[in-house]
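Q: Got a structure here, written out as structure tokens. Questions coming.
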Amino acid sequence: MSEKEELVRRTRRIVKEIFRGTTQAIPYCKGDMEWRFNHISGYGLYCAHVRKALRGCMEDGLHIRHQEYHVQPIAEQICLVSGMFCIEPQEDVGALGRTPYQVLVCMRNGMAECVHVHGARSARVLCRVRGVHEEIYFLEEAEVFYIESSHNNVIWHCRGHQVESRDSLKRLEQCLPGGFMRIHRGYIVNIRQIYSISGNEVRMVNGDILTIPARHCAGVRESLLSRMDKELLSPQKVHSSQNMEQSSPGGIGCPL
């Protein structure tokens, strides 16, 4: 068995043990493990609330079907194992999986440092971010409010936490999906997390207020509203930016 095959085998064993109803520590995991199931997270060999949430997904008469596992070396002795598995009826193993999940496991020297499971109804994974202290985060699109430039790094402002990574807004601007837009040399915003726009101020749903530069305000505001029309409103309810402004003279509320 090759090294990659062994890492996949260990990942599949971890997934299997997560769903078991025992209180034993899961094998092949380090003592300071990071666990995450959608927006539930915890640390340690045994994380009770994450395990409890995952066990609730496994009903009687269902089993785990593994598929599409890949191993990606990212540094010396560090590999990222990603894959898909499904929770499906035992009597019909050939059918499409009833509940699909994504799993991402960071392995160092063959031992898991973090295990992230993303359920079928969770927001899609946006990207993998390496923190300034070499920690690895798997950020979902819905949890990112905005990204701020900070010297030679960027700060990801997320729901309940912040992540600082070595990156640039210029690069991120080119690779982030259409729901993200740069409104300032120092900010990229997730337009789905905007609460309101008033003048040259953009208020995010977490309460933070970001400022659009005065000399670029009209153009950025128009582009932002146009992007929001495309990203947030259904075809049956699309309004022009002009109509939105007329309906709210003091500011523009974003439908959430």
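Here, A, B, ... name the chains of the structure tokens in the order displayed, residue numbers run from 1 inside each chain, and ligands are numbered from 1 in the same displayed order.
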What's around segment 149-158 of chain A at 12 Å? Count only C-alpha atoms, leave out sequence neighbours fewer than 3 positions away in its own chain, and write the answer as a JSON list (two decimals) with all heavy atoms, in the first residue's frame.

A:
[["chain", "number", "residue", "atom", "x", "y", "z"],
["A", 39, "HIS", "N", -20.88, 24.87, 10.93],
["A", 39, "HIS", "CA", -20.44, 25.98, 11.78],
["A", 39, "HIS", "C", -20.21, 25.56, 13.23],
["A", 39, "HIS", "O", -20.04, 26.40, 14.10],
["A", 39, "HIS", "CB", -21.45, 27.13, 11.72],
["A", 39, "HIS", "CG", -21.54, 27.76, 10.37],
["A", 39, "HIS", "ND1", -20.50, 28.48, 9.81],
["A", 39, "HIS", "CD2", -22.52, 27.77, 9.43],
["A", 39, "HIS", "CE1", -20.84, 28.92, 8.61],
["A", 39, "HIS", "NE2", -22.06, 28.49, 8.35],
["A", 126, "LEU", "N", -15.42, 28.10, 0.34],
["A", 126, "LEU", "CA", -14.87, 29.16, -0.50],
["A", 126, "LEU", "C", -13.41, 28.87, -0.85],
["A", 126, "LEU", "O", -13.02, 28.88, -2.00],
["A", 126, "LEU", "CB", -14.99, 30.50, 0.22],
["A", 126, "LEU", "CG", -14.43, 31.72, -0.49],
["A", 126, "LEU", "CD1", -15.21, 31.99, -1.78],
["A", 126, "LEU", "CD2", -14.49, 32.94, 0.41],
["A", 127, "CYS", "N", -12.59, 28.62, 0.17],
["A", 127, "CYS", "CA", -11.17, 28.39, -0.10],
["A", 127, "CYS", "C", -10.48, 27.85, 1.14],
["A", 127, "CYS", "O", -11.03, 27.84, 2.25],
["A", 127, "CYS", "CB", -10.49, 29.69, -0.54],
["A", 127, "CYS", "SG", -10.60, 31.00, 0.67],
["A", 128, "ARG", "N", -9.26, 27.39, 0.93],
["A", 128, "ARG", "CA", -8.39, 26.97, 2.03],
["A", 128, "ARG", "C", -7.41, 28.10, 2.29],
["A", 128, "ARG", "O", -6.72, 28.54, 1.38],
["A", 128, "ARG", "CB", -7.65, 25.68, 1.66],
["A", 128, "ARG", "CG", -6.63, 25.24, 2.70],
["A", 128, "ARG", "CD", -6.09, 23.85, 2.35],
["A", 128, "ARG", "NE", -5.45, 23.81, 1.06],
["A", 128, "ARG", "CZ", -4.18, 24.15, 0.84],
["A", 128, "ARG", "NH1", -3.43, 24.58, 1.85],
["A", 128, "ARG", "NH2", -3.66, 24.08, -0.36],
["A", 129, "VAL", "N", -7.35, 28.56, 3.54],
["A", 129, "VAL", "CA", -6.52, 29.71, 3.90],
["A", 129, "VAL", "C", -5.47, 29.26, 4.90],
["A", 129, "VAL", "O", -5.78, 28.63, 5.91],
["A", 129, "VAL", "CB", -7.37, 30.85, 4.51],
["A", 129, "VAL", "CG1", -6.48, 31.99, 4.98],
["A", 129, "VAL", "CG2", -8.38, 31.35, 3.48],
["A", 130, "ARG", "N", -4.21, 29.59, 4.62],
["A", 130, "ARG", "CA", -3.12, 29.29, 5.54],
["A", 130, "ARG", "C", -2.84, 30.53, 6.39],
["A", 130, "ARG", "O", -2.51, 31.59, 5.86],
["A", 130, "ARG", "CB", -1.85, 28.88, 4.79],
["A", 130, "ARG", "CG", -0.69, 28.48, 5.71],
["A", 130, "ARG", "CD", 0.56, 28.20, 4.89],
["A", 130, "ARG", "NE", 0.36, 27.08, 4.00],
["A", 130, "ARG", "CZ", 0.55, 25.81, 4.38],
["A", 130, "ARG", "NH1", 0.91, 25.53, 5.61],
["A", 130, "ARG", "NH2", 0.37, 24.83, 3.52],
["A", 131, "GLY", "N", -3.00, 30.39, 7.70],
["A", 131, "GLY", "CA", -2.76, 31.50, 8.60],
["A", 131, "GLY", "C", -1.28, 31.85, 8.72],
["A", 131, "GLY", "O", -0.41, 31.10, 8.26],
["A", 132, "VAL", "N", -1.00, 32.98, 9.35],
["A", 132, "VAL", "CA", 0.39, 33.44, 9.46],
["A", 132, "VAL", "C", 1.22, 32.53, 10.34],
["A", 132, "VAL", "O", 2.45, 32.56, 10.30],
["A", 132, "VAL", "CB", 0.44, 34.89, 9.99],
["A", 132, "VAL", "CG1", -0.13, 35.86, 8.97],
["A", 132, "VAL", "CG2", -0.28, 35.02, 11.32],
["A", 137, "TYR", "N", -7.22, 26.90, 7.58],
["A", 137, "TYR", "CA", -8.65, 27.11, 7.76],
["A", 137, "TYR", "C", -9.37, 26.81, 6.44],
["A", 137, "TYR", "O", -8.87, 27.12, 5.37],
["A", 137, "TYR", "CB", -8.95, 28.56, 8.16],
["A", 137, "TYR", "CG", -8.30, 28.99, 9.46],
["A", 137, "TYR", "CD1", -7.01, 29.52, 9.46],
["A", 137, "TYR", "CD2", -8.97, 28.88, 10.67],
["A", 137, "TYR", "CE1", -6.40, 29.91, 10.64],
["A", 137, "TYR", "CE2", -8.38, 29.28, 11.86],
["A", 137, "TYR", "CZ", -7.10, 29.79, 11.83],
["A", 137, "TYR", "OH", -6.50, 30.18, 13.01],
["A", 138, "PHE", "N", -10.55, 26.21, 6.56],
["A", 138, "PHE", "CA", -11.39, 25.95, 5.40],
["A", 138, "PHE", "C", -12.63, 26.84, 5.55],
["A", 138, "PHE", "O", -13.53, 26.54, 6.32],
["A", 138, "PHE", "CB", -11.76, 24.47, 5.32],
["A", 138, "PHE", "CG", -10.55, 23.58, 5.24],
["A", 138, "PHE", "CD1", -10.02, 22.99, 6.38],
["A", 138, "PHE", "CD2", -9.93, 23.36, 4.02],
["A", 138, "PHE", "CE1", -8.90, 22.18, 6.30],
["A", 138, "PHE", "CE2", -8.81, 22.54, 3.95],
["A", 138, "PHE", "CZ", -8.29, 21.96, 5.09],
["A", 139, "LEU", "N", -12.63, 27.94, 4.84],
["A", 139, "LEU", "CA", -13.66, 28.96, 5.02],
["A", 139, "LEU", "C", -14.82, 28.76, 4.05],
["A", 139, "LEU", "O", -14.61, 28.52, 2.87],
["A", 139, "LEU", "CB", -13.06, 30.36, 4.81],
["A", 139, "LEU", "CG", -11.88, 30.73, 5.72],
["A", 139, "LEU", "CD1", -11.41, 32.15, 5.42],
["A", 139, "LEU", "CD2", -12.26, 30.59, 7.19],
["A", 140, "GLU", "N", -16.02, 28.85, 4.59],
["A", 140, "GLU", "CA", -17.21, 28.79, 3.77],
["A", 140, "GLU", "C", -17.59, 30.20, 3.31],
["A", 140, "GLU", "O", -17.37, 31.17, 4.03],
["A", 140, "GLU", "CB", -18.37, 28.16, 4.54],
["A", 140, "GLU", "CG", -18.13, 26.70, 4.88],
["A", 140, "GLU", "CD", -19.28, 26.11, 5.67],
["A", 140, "GLU", "OE1", -20.20, 26.88, 6.04],
["A", 140, "GLU", "OE2", -19.26, 24.89, 5.93],
["A", 141, "GLU", "N", -18.17, 30.29, 2.13],
["A", 141, "GLU", "CA", -18.51, 31.59, 1.56],
["A", 141, "GLU", "C", -19.43, 32.39, 2.48],
["A", 141, "GLU", "O", -19.26, 33.59, 2.66],
["A", 141, "GLU", "CB", -19.17, 31.40, 0.19],
["A", 141, "GLU", "CG", -19.47, 32.70, -0.53],
["A", 141, "GLU", "CD", -19.92, 32.47, -1.96],
["A", 141, "GLU", "OE1", -19.80, 31.33, -2.45],
["A", 141, "GLU", "OE2", -20.39, 33.43, -2.59],
["A", 142, "ALA", "N", -20.41, 31.71, 3.10],
["A", 142, "ALA", "CA", -21.41, 32.41, 3.90],
["A", 142, "ALA", "C", -20.84, 32.98, 5.20],
["A", 142, "ALA", "O", -21.45, 33.86, 5.80],
["A", 142, "ALA", "CB", -22.58, 31.47, 4.21],
["A", 143, "GLU", "N", -19.69, 32.49, 5.67],
["A", 143, "GLU", "CA", -19.17, 32.96, 6.95],
["A", 143, "GLU", "C", -18.20, 34.13, 6.80],
["A", 143, "GLU", "O", -17.77, 34.71, 7.79],
["A", 143, "GLU", "CB", -18.49, 31.81, 7.71],
["A", 143, "GLU", "CG", -17.18, 31.33, 7.10],
["A", 143, "GLU", "CD", -16.54, 30.21, 7.91],
["A", 143, "GLU", "OE1", -16.46, 30.35, 9.15],
["A", 143, "GLU", "OE2", -16.12, 29.21, 7.31],
["A", 144, "VAL", "N", -17.82, 34.49, 5.56],
["A", 144, "VAL", "CA", -16.88, 35.59, 5.33],
["A", 144, "VAL", "C", -17.65, 36.88, 5.12],
["A", 144, "VAL", "O", -18.46, 36.99, 4.19],
["A", 144, "VAL", "CB", -15.97, 35.31, 4.12],
["A", 144, "VAL", "CG1", -15.02, 36.48, 3.89],
["A", 144, "VAL", "CG2", -15.20, 34.01, 4.31],
["A", 145, "PHE", "N", -17.43, 37.89, 5.97],
["A", 145, "PHE", "CA", -18.06, 39.20, 5.81],
["A", 145, "PHE", "C", -17.27, 40.04, 4.81],
["A", 145, "PHE", "O", -17.81, 40.53, 3.82],
["A", 145, "PHE", "CB", -18.14, 39.94, 7.14],
["A", 145, "PHE", "CG", -19.01, 39.25, 8.15],
["A", 145, "PHE", "CD1", -18.49, 38.83, 9.36],
["A", 145, "PHE", "CD2", -20.35, 39.02, 7.88],
["A", 145, "PHE", "CE1", -19.29, 38.20, 10.29],
["A", 145, "PHE", "CE2", -21.16, 38.40, 8.81],
["A", 145, "PHE", "CZ", -20.63, 37.98, 10.03],
["A", 146, "TYR", "N", -15.98, 40.24, 5.09],
["A", 146, "TYR", "CA", -15.14, 41.01, 4.18],
["A", 146, "TYR", "C", -13.68, 40.66, 4.46],
["A", 146, "TYR", "O", -13.35, 40.02, 5.46],
["A", 146, "TYR", "CB", -15.39, 42.51, 4.31],
["A", 146, "TYR", "CG", -15.05, 43.12, 5.66],
["A", 146, "TYR", "CD1", -13.82, 43.74, 5.90],
["A", 146, "TYR", "CD2", -15.97, 43.09, 6.70],
["A", 146, "TYR", "CE1", -13.53, 44.30, 7.13],
["A", 146, "TYR", "CE2", -15.69, 43.64, 7.94],
["A", 146, "TYR", "CZ", -14.47, 44.25, 8.15],
["A", 146, "TYR", "OH", -14.17, 44.81, 9.37],
["A", 161, "HIS", "N", -14.96, 35.00, 14.19],
["A", 161, "HIS", "CA", -13.50, 34.93, 14.30],
["A", 161, "HIS", "C", -12.86, 35.68, 13.13],
["A", 161, "HIS", "O", -13.54, 36.09, 12.19],
["A", 161, "HIS", "CB", -13.02, 33.48, 14.30],
["A", 161, "HIS", "CG", -13.27, 32.75, 13.02],
["A", 161, "HIS", "ND1", -14.51, 32.28, 12.65],
["A", 161, "HIS", "CD2", -12.44, 32.42, 11.99],
["A", 161, "HIS", "CE1", -14.43, 31.69, 11.47],
["A", 161, "HIS", "NE2", -13.20, 31.76, 11.05],
["A", 162, "GLN", "N", -11.55, 35.89, 13.22],
["A", 162, "GLN", "CA", -10.77, 36.50, 12.16],
["A", 162, "GLN", "C", -9.58, 35.59, 11.83],
["A", 162, "GLN", "O", -9.08, 34.88, 12.70],
["A", 162, "GLN", "CB", -10.24, 37.87, 12.58],
["A", 162, "GLN", "CG", -11.31, 38.92, 12.84],
["A", 162, "GLN", "CD", -10.73, 40.25, 13.25],
["A", 162, "GLN", "OE1", -9.51, 40.43, 13.31],
["A", 162, "GLN", "NE2", -11.59, 41.21, 13.54],
["A", 163, "VAL", "N", -9.17, 35.63, 10.57],
["A", 163, "VAL", "CA", -8.03, 34.84, 10.12],
["A", 163, "VAL", "C", -7.08, 35.77, 9.38],
["A", 163, "VAL", "O", -7.48, 36.45, 8.44],
["A", 163, "VAL", "CB", -8.46, 33.69, 9.19],
["A", 163, "VAL", "CG1", -7.22, 32.95, 8.67],
["A", 163, "VAL", "CG2", -9.40, 32.74, 9.90],
["A", 164, "GLU", "N", -5.83, 35.81, 9.82],
["A", 164, "GLU", "CA", -4.81, 36.60, 9.12],
["A", 164, "GLU", "C", -3.95, 35.66, 8.29],
["A", 164, "GLU", "O", -3.47, 34.64, 8.78],
["A", 164, "GLU", "CB", -3.95, 37.38, 10.11],
["A", 164, "GLU", "CG", -2.95, 38.31, 9.43],
["A", 164, "GLU", "CD", -2.21, 39.22, 10.40],
["A", 164, "GLU", "OE1", -2.47, 39.12, 11.61],
["A", 164, "GLU", "OE2", -1.37, 40.02, 9.94],
["A", 165, "SER", "N", -3.78, 36.00, 7.01],
["A", 165, "SER", "CA", -2.99, 35.14, 6.13],
["A", 165, "SER", "C", -2.07, 35.99, 5.27],
["A", 165, "SER", "O", -2.29, 37.19, 5.09],
["A", 165, "SER", "CB", -3.91, 34.29, 5.24],
["A", 165, "SER", "OG", -4.63, 35.11, 4.34],
["A", 166, "ARG", "N", -1.03, 35.35, 4.74],
["A", 166, "ARG", "CA", -0.09, 36.03, 3.85],
["A", 166, "ARG", "C", -0.66, 36.00, 2.44],
["A", 166, "ARG", "O", -0.58, 34.98, 1.75],
["A", 166, "ARG", "CB", 1.27, 35.36, 3.92],
["A", 166, "ARG", "CG", 1.93, 35.47, 5.29],
["A", 166, "ARG", "CD", 3.33, 34.86, 5.29],
["A", 166, "ARG", "NE", 3.98, 35.02, 6.57],
["A", 166, "ARG", "CZ", 3.90, 34.14, 7.57],
["A", 166, "ARG", "NH1", 3.19, 33.03, 7.40],
["A", 166, "ARG", "NH2", 4.50, 34.35, 8.71],
["A", 167, "ASP", "N", -1.25, 37.08, 2.03],
["A", 167, "ASP", "CA", -1.89, 37.16, 0.72],
["A", 167, "ASP", "C", -2.07, 38.62, 0.36],
["A", 167, "ASP", "O", -1.68, 39.50, 1.13],
["A", 167, "ASP", "CB", -3.24, 36.43, 0.74],
["A", 167, "ASP", "CG", -3.56, 35.78, -0.61],
["A", 167, "ASP", "OD1", -3.16, 36.35, -1.65],
["A", 167, "ASP", "OD2", -4.19, 34.72, -0.61],
["A", 168, "SER", "N", -2.66, 38.90, -0.78],
["A", 168, "SER", "CA", -2.91, 40.27, -1.19],
["A", 168, "SER", "C", -4.32, 40.38, -1.76],
["A", 168, "SER", "O", -4.84, 39.43, -2.34],
["A", 168, "SER", "CB", -1.90, 40.72, -2.25],
["A", 168, "SER", "OG", -2.12, 40.04, -3.47],
["A", 169, "LEU", "N", -4.92, 41.57, -1.60],
["A", 169, "LEU", "CA", -6.25, 41.78, -2.17],
["A", 169, "LEU", "C", -6.20, 41.74, -3.69],
["A", 169, "LEU", "O", -7.18, 41.32, -4.33],
["A", 169, "LEU", "CB", -6.81, 43.13, -1.70],
["A", 169, "LEU", "CG", -7.13, 43.27, -0.21],
["A", 169, "LEU", "CD1", -7.86, 44.58, 0.04],
["A", 169, "LEU", "CD2", -7.94, 42.10, 0.32],
["A", 170, "LYS", "N", -5.08, 42.15, -4.27],
["A", 170, "LYS", "CA", -4.96, 42.13, -5.72],
["A", 170, "LYS", "C", -5.11, 40.72, -6.26],
["A", 170, "LYS", "O", -5.82, 40.49, -7.25],
["A", 170, "LYS", "CB", -3.61, 42.72, -6.14],
["A", 170, "LYS", "CG", -3.41, 42.78, -7.65],
["A", 170, "LYS", "CD", -2.07, 43.43, -8.00],
["A", 170, "LYS", "CE", -1.88, 43.49, -9.51],
["A", 170, "LYS", "NZ", -0.58, 44.12, -9.86],
["A", 171, "ARG", "N", -4.46, 39.76, -5.62],
["A", 171, "ARG", "CA", -4.58, 38.37, -6.08],
["A", 171, "ARG", "C", -5.98, 37.83, -5.80],
["A", 171, "ARG", "O", -6.60, 37.18, -6.66],
["A", 171, "ARG", "CB", -3.54, 37.49, -5.39],
["A", 171, "ARG", "CG", -3.43, 36.10, -6.01],
["A", 171, "ARG", "CD", -2.65, 35.16, -5.12],
["A", 171, "ARG", "NE", -3.43, 34.76, -3.96],
["A", 171, "ARG", "CZ", -4.33, 33.76, -3.99],
["A", 171, "ARG", "NH1", -4.57, 33.09, -5.11],
["A", 171, "ARG", "NH2", -4.99, 33.42, -2.90],
["A", 172, "LEU", "N", -6.50, 38.10, -4.59],
["A", 172, "LEU", "CA", -7.81, 37.57, -4.23],
["A", 172, "LEU", "C", -8.90, 38.14, -5.12],
["A", 172, "LEU", "O", -9.87, 37.45, -5.45],
["A", 172, "LEU", "CB", -8.11, 37.90, -2.76],
["A", 172, "LEU", "CG", -7.25, 37.17, -1.72],
["A", 172, "LEU", "CD1", -7.55, 37.69, -0.33],
["A", 172, "LEU", "CD2", -7.48, 35.66, -1.80],
["A", 173, "GLU", "N", -8.75, 39.38, -5.53],
["A", 173, "GLU", "CA", -9.73, 40.02, -6.40],
["A", 173, "GLU", "C", -9.88, 39.25, -7.71],
["A", 173, "GLU", "O", -10.97, 39.21, -8.30],
["A", 173, "GLU", "CB", -9.33, 41.46, -6.68],
["A", 173, "GLU", "CG", -10.35, 42.28, -7.42],
["A", 173, "GLU", "CD", -9.88, 43.72, -7.65],
["A", 173, "GLU", "OE1", -8.68, 44.00, -7.43],
["A", 173, "GLU", "OE2", -10.71, 44.55, -8.04],
["A", 182, "ARG", "N", -14.31, 44.33, -4.71],
["A", 182, "ARG", "CA", -13.40, 45.28, -4.07],
["A", 182, "ARG", "C", -14.00, 46.68, -4.13],
["A", 182, "ARG", "O", -14.29, 47.19, -5.20],
["A", 182, "ARG", "CB", -12.04, 45.25, -4.76],
["A", 182, "ARG", "CG", -10.95, 46.00, -3.98],
["A", 182, "ARG", "CD", -9.59, 45.70, -4.55],
["A", 182, "ARG", "NE", -8.52, 46.26, -3.73],
["A", 182, "ARG", "CZ", -7.23, 46.05, -3.97],
["A", 182, "ARG", "NH1", -6.86, 45.30, -4.99],
["A", 182, "ARG", "NH2", -6.31, 46.57, -3.18],
["A", 184, "HIS", "N", -12.59, 49.27, -2.14],
["A", 184, "HIS", "CA", -11.59, 50.18, -1.60],
["A", 184, "HIS", "C", -10.25, 49.49, -1.77],
["A", 184, "HIS", "O", -10.18, 48.26, -1.87],
["A", 184, "HIS", "CB", -11.91, 50.43, -0.11],
["A", 184, "HIS", "CG", -11.02, 51.44, 0.56],
["A", 184, "HIS", "ND1", -9.75, 51.13, 0.99],
["A", 184, "HIS", "CD2", -11.24, 52.73, 0.91],
["A", 184, "HIS", "CE1", -9.21, 52.20, 1.57],
["A", 184, "HIS", "NE2", -10.09, 53.18, 1.53],
["A", 185, "ARG", "N", -9.17, 50.24, -1.80],
["A", 185, "ARG", "CA", -7.86, 49.60, -1.91],
["A", 185, "ARG", "C", -7.59, 48.68, -0.73],
["A", 185, "ARG", "O", -6.73, 47.79, -0.80],
["A", 185, "ARG", "CB", -6.76, 50.65, -2.03],
["A", 185, "ARG", "CG", -6.59, 51.54, -0.81],
["A", 185, "ARG", "CD", -5.52, 52.58, -1.01],
["A", 185, "ARG", "NE", -4.22, 51.95, -1.29],
["A", 185, "ARG", "CZ", -3.13, 52.63, -1.60],
["A", 185, "ARG", "NH1", -3.19, 53.95, -1.71],
["A", 185, "ARG", "NH2", -2.01, 52.00, -1.82],
["A", 186, "GLY", "N", -8.35, 48.87, 0.36],
["A", 186, "GLY", "CA", -8.13, 48.06, 1.55],
["A", 186, "GLY", "C", -9.20, 47.05, 1.87],
["A", 186, "GLY", "O", -9.08, 46.32, 2.85],
["A", 187, "TYR", "N", -10.28, 46.93, 1.02],
["A", 187, "TYR", "CA", -11.38, 46.05, 1.37],
["A", 187, "TYR", "C", -11.95, 45.32, 0.16],
["A", 187, "TYR", "O", -12.15, 45.90, -0.90],
["A", 187, "TYR", "CB", -12.55, 46.82, 2.01],
["A", 187, "TYR", "CG", -12.19, 47.57, 3.26],
["A", 187, "TYR", "CD1", -12.20, 48.96, 3.28],
["A", 187, "TYR", "CD2", -11.86, 46.90, 4.44],
["A", 187, "TYR", "CE1", -11.89, 49.67, 4.42],
["A", 187, "TYR", "CE2", -11.54, 47.60, 5.59],
["A", 187, "TYR", "CZ", -11.55, 48.98, 5.58],
["A", 187, "TYR", "OH", -11.24, 49.68, 6.71],
["A", 188, "ILE", "N", -12.23, 44.03, 0.35],
["A", 188, "ILE", "CA", -13.09, 43.25, -0.54],
["A", 188, "ILE", "C", -14.26, 42.79, 0.30],
["A", 188, "ILE", "O", -14.07, 42.24, 1.39],
["A", 188, "ILE", "CB", -12.36, 42.03, -1.14],
["A", 188, "ILE", "CG1", -11.26, 42.47, -2.11],
["A", 188, "ILE", "CG2", -13.34, 41.10, -1.85],
["A", 188, "ILE", "CD1", -10.46, 41.32, -2.68],
["A", 189, "VAL", "N", -15.50, 43.01, -0.19],
["A", 189, "VAL", "CA", -16.67, 42.66, 0.61],
["A", 189, "VAL", "C", -17.42, 41.49, -0.02],
["A", 189, "VAL", "O", -17.39, 41.28, -1.24],
["A", 189, "VAL", "CB", -17.64, 43.87, 0.76],
["A", 189, "VAL", "CG1", -16.95, 45.02, 1.44],
["A", 189, "VAL", "CG2", -18.19, 44.30, -0.60],
["A", 190, "ASN", "N", -18.07, 40.72, 0.84],
["A", 190, "ASN", "CA", -19.03, 39.71, 0.41],
["A", 190, "ASN", "C", -20.37, 40.41, 0.29],
["A", 190, "ASN", "O", -20.96, 40.81, 1.30],
["A", 190, "ASN", "CB", -19.09, 38.58, 1.44],
["A", 190, "ASN", "CG", -20.02, 37.45, 1.01],
["A", 190, "ASN", "OD1", -20.78, 37.57, 0.05],
["A", 190, "ASN", "ND2", -19.96, 36.34, 1.74],
["A", 193, "GLN", "N", -23.31, 39.78, 2.47],
["A", 193, "GLN", "CA", -23.22, 40.12, 3.89],
["A", 193, "GLN", "C", -23.31, 41.63, 4.11],
["A", 193, "GLN", "O", -22.93, 42.12, 5.17],
["A", 193, "GLN", "CB", -21.90, 39.58, 4.47],
["A", 193, "GLN", "CG", -21.75, 38.07, 4.37],
["A", 193, "GLN", "CD", -22.78, 37.33, 5.19],
["A", 193, "GLN", "OE1", -23.32, 37.86, 6.15],
["A", 193, "GLN", "NE2", -23.07, 36.09, 4.81],
["A", 204, "MET", "N", -21.86, 46.33, 7.12],
["A", 204, "MET", "CA", -21.95, 44.89, 7.00],
["A", 204, "MET", "C", -22.92, 44.34, 8.06],
["A", 204, "MET", "O", -23.25, 45.04, 9.03],
["A", 204, "MET", "CB", -20.57, 44.24, 7.17],
["A", 204, "MET", "CG", -19.48, 44.84, 6.28],
["A", 204, "MET", "SD", -19.88, 44.81, 4.51],
["A", 204, "MET", "CE", -19.92, 43.04, 4.19],
["A", 205, "VAL", "N", -23.35, 43.11, 7.89],
["A", 205, "VAL", "CA", -24.33, 42.55, 8.82],
["A", 205, "VAL", "C", -23.76, 42.35, 10.22],
["A", 205, "VAL", "O", -24.51, 42.21, 11.18],
["A", 205, "VAL", "CB", -24.90, 41.22, 8.28],
["A", 205, "VAL", "CG1", -25.68, 41.43, 6.99],
["A", 205, "VAL", "CG2", -23.80, 40.19, 8.08],
["A", 206, "ASN", "N", -22.44, 42.33, 10.36],
["A", 206, "ASN", "CA", -21.84, 42.22, 11.70],
["A", 206, "ASN", "C", -21.67, 43.58, 12.37],
["A", 206, "ASN", "O", -21.12, 43.68, 13.47],
["A", 206, "ASN", "CB", -20.49, 41.51, 11.62],
["A", 206, "ASN", "CG", -19.43, 42.32, 10.88],
["A", 206, "ASN", "OD1", -19.77, 43.23, 10.12],
["A", 206, "ASN", "ND2", -18.17, 41.98, 11.08],
["A", 207, "GLY", "N", -22.14, 44.67, 11.71],
["A", 207, "GLY", "CA", -22.07, 46.00, 12.29],
["A", 207, "GLY", "C", -20.89, 46.84, 11.85],
["A", 207, "GLY", "O", -20.88, 48.05, 12.09],
["A", 208, "ASP", "N", -19.88, 46.24, 11.22],
["A", 208, "ASP", "CA", -18.72, 47.00, 10.77],
["A", 208, "ASP", "C", -19.11, 47.93, 9.62],
["A", 208, "ASP", "O", -19.91, 47.56, 8.75],
["A", 208, "ASP", "CB", -17.60, 46.07, 10.30],
["A", 208, "ASP", "CG", -16.96, 45.31, 11.46],
["A", 208, "ASP", "OD1", -17.33, 45.57, 12.62],
["A", 208, "ASP", "OD2", -16.11, 44.44, 11.18]]

Q: Do you know which residues are at most 9 Å from segment 103-115 of chain A counting only C-alpha atoms, after dropping those on the same chain fewer than 3 positions away, and could you put them as number ranges by chain?

A: A: 3, 6-7, 10-11, 14-15, 27-37, 43, 76-85, 118-119, 136, 138

Q: Which residue is closest to Glu201 of chain A? Choose from A:Lys4, A:Arg221, A:Arg51, A:His116 and count only C-alpha atoms.

A: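 Residue with the minimum atom-to-atom distance to Glu201 of chain A: A:Arg221.
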
Q: Could you check how far atom CA of Gly42 of chain A sits from atom CA of Pro89 of chain A, in Å to one decimal?

A: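 Going from atom CA of Gly42 of chain A over to atom CA of Pro89 of chain A covers 29.4 Å.
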
Q: Residues of segment 106-182 of chain A in alpha helix (DSSP H) according to DSSP, as a PyMOL selection string?

A: chain A and resi 169-175

Q: Output N, CA and C atoms of each residue in that selection to a file, as a PDB file, in the first residue's frame.

A:
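out-v6.pdb written:
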ATOM      1  N   LEU A 169      -4.921  41.570  -1.602  1.00  0.00           N
ATOM      2  CA  LEU A 169      -6.250  41.782  -2.166  1.00  0.00           C
ATOM      3  C   LEU A 169      -6.204  41.736  -3.690  1.00  0.00           C
ATOM      4  N   LYS A 170      -5.081  42.146  -4.269  1.00  0.00           N
ATOM      5  CA  LYS A 170      -4.961  42.132  -5.721  1.00  0.00           C
ATOM      6  C   LYS A 170      -5.114  40.723  -6.263  1.00  0.00           C
ATOM      7  N   ARG A 171      -4.462  39.758  -5.623  1.00  0.00           N
ATOM      8  CA  ARG A 171      -4.584  38.371  -6.076  1.00  0.00           C
ATOM      9  C   ARG A 171      -5.978  37.826  -5.799  1.00  0.00           C
ATOM     10  N   LEU A 172      -6.496  38.097  -4.592  1.00  0.00           N
ATOM     11  CA  LEU A 172      -7.807  37.574  -4.226  1.00  0.00           C
ATOM     12  C   LEU A 172      -8.905  38.135  -5.125  1.00  0.00           C
ATOM     13  N   GLU A 173      -8.747  39.384  -5.532  1.00  0.00           N
ATOM     14  CA  GLU A 173      -9.734  40.017  -6.400  1.00  0.00           C
ATOM     15  C   GLU A 173      -9.884  39.249  -7.712  1.00  0.00           C
ATOM     16  N   GLN A 174      -8.808  38.613  -8.162  1.00  0.00           N
ATOM     17  CA  GLN A 174      -8.826  37.891  -9.429  1.00  0.00           C
ATOM     18  C   GLN A 174      -9.411  36.496  -9.307  1.00  0.00           C
ATOM     19  N   CYS A 175      -9.399  35.905  -8.100  1.00  0.00           N
ATOM     20  CA  CYS A 175      -9.783  34.496  -7.984  1.00  0.00           C
ATOM     21  C   CYS A 175     -11.054  34.260  -7.169  1.00  0.00           C
TER      22      CYS A 175
END

Q: Report, in Å to a single decimal, how far apart atom CA of Ile191 of chain A and atom CA of Asp229 of chain A are.

A: 10.3 Å

Q: If you run DSSP on the backbone, which residues of segment 1-53 of chain A are strand (DSSP E or B), as a list of chain:residue names?

A: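 Secondary structure check on segment 1-53 of chain A, strand (DSSP E or B): A:Cys29, A:Lys30, A:Gly31, A:Asp32, A:Met33, A:Glu34, A:Trp35, A:Arg36, A:Phe37, A:Ile40, A:Ser41, A:Gly42, A:Tyr43.
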
Q: Suppose you want the space between atom CA of Val117 of chain A and atom CA of Ile40 of chain A; what is it in Å?

A: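 Answer for the atom CA of Val117 of chain A to atom CA of Ile40 of chain A separation: 9.9 Å.
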